[in-house]
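Peer 1: One structure, as structure tokens, below. Some questions next.
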Amino acid sequence: MNEIIDKLIIRIFLLVFICVIIVLYKYSHFLLYPSSKGQFLKRFYPSKNPAETVHLFGRILGLGLLFSQFQIYLMDGFFYAFFDFFITAVITYTLYLVALYIMESIALYNFEYNDEISKKKNMAYALVTMAHALGVAHLLQVSINVSTESGRHVIILIIFLWLFTVVIIGFASKTFKIISKLHFNQLLVQKNLAIGFSYLGFFLGWTIIVASAINLPIGDIKNYGIQVILKILLSLIIFPLFRWALIYIFKIEQDPEEVQAEGAMGIRTISTGYGIYEGIIQLTSAYLTTVITGNIHFSF
């Protein structure tokens with residue numbers, strides 16, 4: 001009976017804690033986007049700025065994903081479980097914000113949040129930031145679950161995995177220009193949705209691959225790092241094979257005339273359909289890759 005009451009109290013605490021975290025996230029914009037301080041104190045009208053809606057709720061979904069599947073260990077009593085959860089959650093939340101800042105500094109160094117979201121209402125920019133929020137949150141979620149020893153969260157392991165994954169996903173984001181035929185900066189300036197959907201699928205695909213690679217028991221750090229790198233290298237071999245297979249099986253062809261669409265004032269631009277195609281084929285190929293590299297279990 002006491003155990004049931006403890007679980008109920010922890011669930012109620014978790015509800016309150018996540019609401020507090022969302023409030024803290026709202027005011028953390030003062031640090032992340034100093035040029036937009038006044039904006040977050042005003043009323044929010046979603047119908048007036050859909051790009052801001054996507055950006056905001058992408059971050060909130062990321063926070064929800066971050067705390068999903070969170071392990072709460074009651075073996076040492078209620079108060080220890082509460083303390084362990086609180087410390088781990090606060091540190092993880094901080095790492096989440098720092099990772100978002102790093103990713104946006106890498107991918108969106110030419111763009112300013114206040115200009116793109118508040119003034120231009122750039123939906124393509126919002127989709128890119130949503131990709132970062134969901135991807136970083138998923139990687140941290142897996143890192144938390146992996147970094148446990150004897151029923152306890154090990155903070156130093158969470159920080160190690162955070163550093164490891166941020167470095168990998170940061171380098172991976174720079175390969176978008178190699179994989180995609182779309183010009184990132186040019187199309188983002190044009191507020192072209194094609195680049196938003198393409199990058200969304202690309203980044204989430206890389207997130208799935210890296211998350212699958214780090215989802216291993218941590219024993220010796222050196223051996224763990226070698227196994228993760230080998231799984232990522234194996235993924236880099238399998239990924240293009242799946243992508244080629246999908247294109248070949250369904251006879252997908254990219255007609256240059258169909259890639260372009262007639263935009264405002266007769267200006268030729270990249271069609272949204274092509275961006276969706278690029279994003280979804282990369283995401284699908286990445287997921288099928290993890291089926292081979294991460295979800296096959298051998299027993300002897």
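Naming scheme: A, B, ... for chains in displayed order of the structure tokens; residues 1 onward per chain; ligands 1 onward as shown.
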What lies within 8 Å of stretch 273-289 of chain A using only C-alpha atoms, ignoring chain neighbours under 2 positions off, as an mmCIF file with N, CA and C atoms, in the first residue's frame?

Peer 2:
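Result written to around_12.cif:
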```cif
data_model
loop_
_atom_site.group_PDB
_atom_site.id
_atom_site.type_symbol
_atom_site.label_atom_id
_atom_site.label_comp_id
_atom_site.auth_asym_id
_atom_site.auth_seq_id
_atom_site.Cartn_x
_atom_site.Cartn_y
_atom_site.Cartn_z
ATOM 1 N N SER A 180 22.095 16.296 -49.503
ATOM 2 C CA SER A 180 20.948 16.942 -50.142
ATOM 3 C C SER A 180 21.371 17.737 -51.373
ATOM 4 N N LEU A 193 9.569 25.868 -47.870
ATOM 5 C CA LEU A 193 9.252 24.733 -47.003
ATOM 6 C C LEU A 193 10.014 23.472 -47.385
ATOM 7 N N ALA A 194 10.466 23.393 -48.629
ATOM 8 C CA ALA A 194 11.189 22.198 -49.076
ATOM 9 C C ALA A 194 12.420 21.954 -48.207
ATOM 10 N N ILE A 195 13.159 23.021 -47.889
ATOM 11 C CA ILE A 195 14.377 22.842 -47.094
ATOM 12 C C ILE A 195 14.030 22.449 -45.663
ATOM 13 N N GLY A 196 12.909 22.950 -45.137
ATOM 14 C CA GLY A 196 12.494 22.590 -43.780
ATOM 15 C C GLY A 196 12.163 21.119 -43.655
ATOM 16 N N PHE A 197 11.373 20.598 -44.595
ATOM 17 C CA PHE A 197 10.998 19.183 -44.546
ATOM 18 C C PHE A 197 12.186 18.275 -44.826
ATOM 19 N N SER A 198 13.042 18.685 -45.753
ATOM 20 C CA SER A 198 14.225 17.880 -46.068
ATOM 21 C C SER A 198 15.148 17.773 -44.864
ATOM 22 N N TYR A 199 15.411 18.908 -44.206
ATOM 23 C CA TYR A 199 16.306 18.903 -43.041
ATOM 24 C C TYR A 199 15.677 18.165 -41.869
ATOM 25 N N LEU A 200 14.365 18.288 -41.708
ATOM 26 C CA LEU A 200 13.673 17.581 -40.629
ATOM 27 C C LEU A 200 13.889 16.073 -40.739
ATOM 28 N N GLY A 201 13.690 15.521 -41.938
ATOM 29 C CA GLY A 201 13.911 14.088 -42.129
ATOM 30 C C GLY A 201 15.374 13.703 -41.995
ATOM 31 N N PHE A 202 16.251 14.555 -42.511
ATOM 32 C CA PHE A 202 17.687 14.290 -42.428
ATOM 33 C C PHE A 202 18.157 14.230 -40.982
ATOM 34 N N LEU A 204 16.410 13.980 -38.088
ATOM 35 C CA LEU A 204 15.789 12.911 -37.295
ATOM 36 C C LEU A 204 16.341 11.545 -37.699
ATOM 37 N N GLY A 205 16.668 11.385 -38.976
ATOM 38 C CA GLY A 205 17.277 10.137 -39.421
ATOM 39 C C GLY A 205 18.626 9.905 -38.755
ATOM 40 N N TRP A 206 19.454 10.952 -38.714
ATOM 41 C CA TRP A 206 20.741 10.841 -38.039
ATOM 42 C C TRP A 206 20.560 10.590 -36.543
ATOM 43 N N ILE A 208 18.132 8.948 -35.101
ATOM 44 C CA ILE A 208 17.763 7.542 -34.919
ATOM 45 C C ILE A 208 19.009 6.653 -34.982
ATOM 46 N N ILE A 209 19.892 6.933 -35.943
ATOM 47 C CA ILE A 209 21.106 6.126 -36.109
ATOM 48 C C ILE A 209 22.022 6.255 -34.889
ATOM 49 N N SER A 235 26.435 1.651 -40.051
ATOM 50 C CA SER A 235 25.231 2.352 -40.509
ATOM 51 C C SER A 235 25.519 3.169 -41.764
ATOM 52 N N ILE A 238 25.339 0.736 -44.630
ATOM 53 C CA ILE A 238 24.020 0.175 -44.911
ATOM 54 C C ILE A 238 23.035 1.238 -45.383
ATOM 55 N N PHE A 239 23.131 2.455 -44.821
ATOM 56 C CA PHE A 239 22.173 3.520 -45.139
ATOM 57 C C PHE A 239 22.040 3.782 -46.642
ATOM 58 N N PRO A 240 23.129 4.037 -47.371
ATOM 59 C CA PRO A 240 22.976 4.299 -48.814
ATOM 60 C C PRO A 240 22.442 3.104 -49.589
ATOM 61 N N PHE A 242 20.103 0.958 -48.485
ATOM 62 C CA PHE A 242 18.653 1.020 -48.320
ATOM 63 C C PHE A 242 18.067 2.149 -49.175
ATOM 64 N N ARG A 243 18.746 3.278 -49.190
ATOM 65 C CA ARG A 243 18.247 4.413 -49.977
ATOM 66 C C ARG A 243 18.201 4.061 -51.464
ATOM 67 N N LEU A 246 15.301 1.563 -52.128
ATOM 68 C CA LEU A 246 13.976 2.192 -52.172
ATOM 69 C C LEU A 246 13.754 2.905 -53.506
ATOM 70 N N VAL A 259 10.957 19.138 -60.066
ATOM 71 C CA VAL A 259 11.524 19.582 -58.798
ATOM 72 C C VAL A 259 11.185 21.046 -58.552
ATOM 73 N N ILE A 270 12.134 25.699 -55.597
ATOM 74 C CA ILE A 270 12.084 24.272 -55.322
ATOM 75 C C ILE A 270 10.714 23.896 -54.772
ATOM 76 N N SER A 271 10.120 22.842 -55.307
ATOM 77 C CA SER A 271 8.783 22.435 -54.862
ATOM 78 C C SER A 271 8.848 21.811 -53.469
ATOM 79 N N VAL A 291 17.267 -1.119 -37.996
ATOM 80 C CA VAL A 291 16.715 -2.472 -37.868
ATOM 81 C C VAL A 291 17.828 -3.505 -38.013
ATOM 82 N N ILE A 292 18.773 -3.221 -38.911
ATOM 83 C CA ILE A 292 19.885 -4.141 -39.149
ATOM 84 C C ILE A 292 20.982 -3.973 -38.099
ATOM 85 N N THR A 293 21.303 -2.734 -37.752
ATOM 86 C CA THR A 293 22.458 -2.493 -36.867
ATOM 87 C C THR A 293 22.135 -2.542 -35.388
#
```

Peer 1: From a DSSP calculation on the backbone, collect every residue of stretch 54-275 of chain A in helix (DSSP H, G or I) and output the set as a PyMOL selection string.

Peer 2: chain A and resi 54-66+78-107+113-119+123-146+155-173+176-179+184-189+193-214+221-249+256-259+264-266+272-275

Peer 1: Which residues come within 12 Å of A:Gly225, counting only C-alpha atoms, excluding same-chain residues fewer than 6 positions away, as a list in words?

Peer 2: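 These residues fall inside the cut-off: Phe160, Leu161, Phe164, Thr165, Ile168, Ala213, Ile214, Asn215, Leu216, Pro217, Ile218, Gly219, Lys231 and Ile232 of chain A.
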
Peer 1: So how many Å separate atom CA of A:Tyr113 and atom CA of A:Val142, to one decimal?

Peer 2: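 Distance reported for this atom pair: 28.4 Å.
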
Peer 1: Separation of atom CA of A:Val167 and atom CA of A:His138, in Å?

Peer 2: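 Distance reported for this atom pair: 15.3 Å.
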
Peer 1: May I have the residues within 10 Å of stretch 120-130 of chain A as a PyMOL selection string, using only C-alpha atoms and disregarding those fewer than 5 positions away in the same chain?

Peer 2: chain A and resi 48-62+100+103-104+107-108+111-115+135-136+187-201+203-204

Peer 1: Please save C-alpha atoms of the selected residues as a short mmCIF file (atom, residue, chain, number, x, y, z; two decimals), in the first residue's frame.

Peer 2:
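Final output, selection.cif:
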```cif
data_model
loop_
_atom_site.label_atom_id
_atom_site.label_comp_id
_atom_site.auth_asym_id
_atom_site.auth_seq_id
_atom_site.Cartn_x
_atom_site.Cartn_y
_atom_site.Cartn_z
CA LYS A 48 -1.07 35.06 -36.35
CA ASN A 49 2.29 33.29 -36.45
CA PRO A 50 2.20 29.55 -37.32
CA ALA A 51 6.00 29.45 -37.46
CA GLU A 52 6.21 30.47 -33.83
CA THR A 53 3.64 27.79 -32.95
CA VAL A 54 5.76 25.08 -34.60
CA HIS A 55 8.94 26.38 -32.96
CA LEU A 56 7.40 26.64 -29.47
CA PHE A 57 5.56 23.34 -29.40
CA GLY A 58 8.51 21.56 -31.01
CA ARG A 59 10.51 22.55 -27.92
CA ILE A 60 7.69 21.52 -25.56
CA LEU A 61 7.37 18.14 -27.30
CA GLY A 62 11.13 17.83 -26.88
CA LEU A 100 19.99 23.26 -28.64
CA MET A 103 23.10 22.90 -32.74
CA GLU A 104 21.56 26.21 -33.75
CA ALA A 107 23.29 24.97 -38.48
CA LEU A 108 21.70 28.42 -38.18
CA PHE A 111 20.05 33.42 -39.00
CA GLU A 112 18.53 35.22 -36.02
CA TYR A 113 15.47 33.89 -34.19
CA ASN A 114 13.86 37.33 -33.82
CA ASP A 115 14.17 38.03 -37.55
CA GLY A 135 16.45 15.00 -32.07
CA VAL A 136 18.43 16.35 -29.11
CA LEU A 187 16.24 28.31 -49.50
CA LEU A 188 15.96 29.16 -45.81
CA VAL A 189 16.25 32.85 -46.70
CA GLN A 190 13.46 32.31 -49.24
CA LYS A 191 11.31 30.66 -46.52
CA ASN A 192 11.00 27.62 -48.79
CA LEU A 193 9.25 24.73 -47.00
CA ALA A 194 11.19 22.20 -49.08
CA ILE A 195 14.38 22.84 -47.09
CA GLY A 196 12.49 22.59 -43.78
CA PHE A 197 11.00 19.18 -44.55
CA SER A 198 14.22 17.88 -46.07
CA TYR A 199 16.31 18.90 -43.04
CA LEU A 200 13.67 17.58 -40.63
CA GLY A 201 13.91 14.09 -42.13
CA PHE A 203 18.31 15.32 -38.81
CA LEU A 204 15.79 12.91 -37.29
#
```

Peer 1: Point out the residue among A:Thr272, A:Gln141, A:Ser118, A:Thr88 with the least atom-to-atom distance to A:Leu66, counting only C-alpha atoms.

Peer 2: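 Once distances to A:Leu66 are computed over only C-alpha atoms, the minimum belongs to A:Gln141.
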
Peer 1: How many Å separate atom CA of A:Phe82 from atom CA of A:Trp162?

Peer 2: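 Calculated distance between atom CA of A:Phe82 and atom CA of A:Trp162 is 22.9 Å.
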
Peer 1: Tell me which of A:Val210, A:Ile91, A:Ile5, A:Leu14 sits closest to A:Leu139, counting only C-alpha atoms.

Peer 2: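 Looking at the shortest contact to A:Leu139, the residue is A:Val210.
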
Peer 1: Between A:Leu157, A:Ile18, A:Ile10, A:Ile247, which one has atoms that come closest to A:Asp220, using only C-alpha atoms?

Peer 2: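 Of the candidates, the smallest distance to A:Asp220 is held by A:Leu157.
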